[in-house]
Amino acid sequence: MNRDDDNVGGARIFAETIRQIRALTPDCRVEVLIPDFQGLEEPLRIVLDAKPDVLNHNTETVPRLYRVVRSGARYQRTLGLLENAKKFSSAMVTKSGLMVGLGEAMDELVEVFRDLGERRLDILTVGQYLRPSKDHLPIARFYTPAEFQQLKTEALRFGFRHVESGPLVRSSYHAHEQAEATLAV
């Protein structure tokens, strides 16, 4: 059975994994990276009921590039999932990540930061897109360390509790420190 074999997008597997981790290691903090569940609310509720410490769903890119970068995903579905996570579990720490270097403009990124901030996202990661193979999208440009600092400064204006921004930042980059930073607030 794979996660497409049920009608909740594998949500039960995510939830059971969280429960099993807690049963074996009660003090372990759990971050879960989930799909958008095709915009369905029930799978999100199933995962939230298992009480992960951090709920992560990556935004990946700006709306204009969504169909090219994430062919099966929809920007509004991503925003809806992150908004519903806070609606269904207001204390849940939410997280999302973006890749840059795919052809987006700074104003487009700032608009995504605004959209995510309006959904009360807690943790944002911004990293350089690196082409995994010649069969993947080419890199449109490399951002400089100063530009990553500028992105972090821009993002922090929208109320995130923690922002990681740098060339090698990925969703899991310093995840422990990211989660700790949200506890300190």
# chains A, B, ... in the order shown; residues from 1 in each chain; ligands from 1
>>> residues_around(residues="region 52-68 of chain A", least_positions_apart="5", cutoff="6 Å", atoms="only C-alpha atoms", output="list in words")
Arg29, Val30, Glu31, Val32, Leu33, Ile34, Tyr75, Val93, Thr94, Lys95, Ser96, Gly97, Leu98 and Met99 of chain A
>>> atom_distance(atom1="CA of Phe148 (chain A)", atom2="CA of Pro167 (chain A)")
7.3 Å
>>> residues_around(residues="His136 (chain A)", least_positions_apart="3", cutoff="12 Å", atoms="only C-alpha atoms", output="list in words")
Val68, Val69, Arg70, Leu102, Tyr129, Leu130, Arg131, Pro132, Ser133 and Ile139 of chain A
>>> write_last_selection(atoms="N, CA and C atoms", output="PDB file, in the first residue's frame")
ATOM      1  N   VAL A  68       5.183  25.237 -13.330  1.00  0.00           N
ATOM      2  CA  VAL A  68       6.434  24.708 -13.867  1.00  0.00           C
ATOM      3  C   VAL A  68       7.229  23.981 -12.792  1.00  0.00           C
ATOM      4  N   VAL A  69       7.301  24.575 -11.606  1.00  0.00           N
ATOM      5  CA  VAL A  69       8.132  24.029 -10.534  1.00  0.00           C
ATOM      6  C   VAL A  69       7.419  22.898  -9.797  1.00  0.00           C
ATOM      7  N   ARG A  70       6.115  23.043  -9.576  1.00  0.00           N
ATOM      8  CA  ARG A  70       5.335  22.057  -8.810  1.00  0.00           C
ATOM      9  C   ARG A  70       4.092  21.695  -9.607  1.00  0.00           C
ATOM     10  N   LEU A 102      14.956  30.386  -9.490  1.00  0.00           N
ATOM     11  CA  LEU A 102      14.166  29.748 -10.542  1.00  0.00           C
ATOM     12  C   LEU A 102      13.589  30.754 -11.540  1.00  0.00           C
ATOM     13  N   TYR A 129      17.978  27.264  -5.106  1.00  0.00           N
ATOM     14  CA  TYR A 129      17.661  26.091  -5.918  1.00  0.00           C
ATOM     15  C   TYR A 129      18.957  25.584  -6.543  1.00  0.00           C
ATOM     16  N   LEU A 130      19.188  24.292  -6.424  1.00  0.00           N
ATOM     17  CA  LEU A 130      20.337  23.643  -7.046  1.00  0.00           C
ATOM     18  C   LEU A 130      19.812  22.524  -7.929  1.00  0.00           C
ATOM     19  N   ARG A 131      20.112  22.573  -9.171  1.00  0.00           N
ATOM     20  CA  ARG A 131      19.598  21.626 -10.166  1.00  0.00           C
ATOM     21  C   ARG A 131      20.141  20.221  -9.884  1.00  0.00           C
ATOM     22  N   PRO A 132      19.254  19.265  -9.547  1.00  0.00           N
ATOM     23  CA  PRO A 132      19.715  17.917  -9.210  1.00  0.00           C
ATOM     24  C   PRO A 132      20.268  17.125 -10.404  1.00  0.00           C
ATOM     25  N   SER A 133      19.749  17.395 -11.596  1.00  0.00           N
ATOM     26  CA  SER A 133      20.219  16.684 -12.794  1.00  0.00           C
ATOM     27  C   SER A 133      19.863  17.519 -14.024  1.00  0.00           C
ATOM     28  N   ILE A 139      18.989  26.426 -13.405  1.00  0.00           N
ATOM     29  CA  ILE A 139      19.090  27.524 -12.449  1.00  0.00           C
ATOM     30  C   ILE A 139      19.040  28.826 -13.240  1.00  0.00           C
TER      31      ILE A 139
END
>>> select_by_dssp(residues="chain A", states="strand (DSSP E or B)", output="count of residues only")
26
>>> closest_residue(among="A:Leu151, A:Ala73, A:Leu124, A:Ala11", to="Glu164 (chain A)", atoms="only C-alpha atoms")
A:Leu124
>>> atom_distance(atom1="CA of His162 (chain A)", atom2="CA of Ala15 (chain A)")
25.4 Å
>>> residues_around(residues="Gly166 (chain A)", least_positions_apart="3", cutoff="9 Å", atoms="only C-alpha atoms", output="MDAnalysis selection string")
chainID A and resid 125:128 143:145 147:149 152 169:170
>>> write_last_selection(atoms="C-alpha atoms", output="PDB file, in the first residue's frame")
ATOM      1  CA  THR A 125      13.337  28.767   5.194  1.00  0.00           C
ATOM      2  CA  VAL A 126      14.758  30.307   2.002  1.00  0.00           C
ATOM      3  CA  GLY A 127      17.471  28.509   0.052  1.00  0.00           C
ATOM      4  CA  GLN A 128      19.137  28.465  -3.344  1.00  0.00           C
ATOM      5  CA  TYR A 143      21.712  34.680  -5.127  1.00  0.00           C
ATOM      6  CA  THR A 144      24.561  36.269  -3.177  1.00  0.00           C
ATOM      7  CA  PRO A 145      24.932  36.007   0.615  1.00  0.00           C
ATOM      8  CA  GLU A 147      20.762  38.989  -1.119  1.00  0.00           C
ATOM      9  CA  PHE A 148      19.914  36.120   1.236  1.00  0.00           C
ATOM     10  CA  GLN A 149      20.355  38.517   4.148  1.00  0.00           C
ATOM     11  CA  LYS A 152      15.647  37.398   5.618  1.00  0.00           C
ATOM     12  CA  VAL A 169      19.381  26.354   3.529  1.00  0.00           C
ATOM     13  CA  ARG A 170      16.859  23.581   3.123  1.00  0.00           C
TER      14      ARG A 170
END
>>> select_by_dssp(residues="region 79-161 of chain A", states="alpha helix (DSSP H)", output="PyMOL selection string")
chain A and resi 79-88+106-118+145-156
>>> atom_distance(atom1="CA of Ser71 (chain A)", atom2="CA of Met92 (chain A)")
28.1 Å
>>> residues_around(residues="Glu16 (chain A)", least_positions_apart="6", cutoff="12 Å", atoms="only C-alpha atoms", output="NGL selection string")
:A and (10 or 22-23 or 32 or 46-52)
>>> residues_around(residues="Leu79 (chain A)", least_positions_apart="2", cutoff="10 Å", atoms="only C-alpha atoms", output="PyMOL selection string")
chain A and resi 36+39+57+59+74-77+81-85+112+115-116+118-119+121
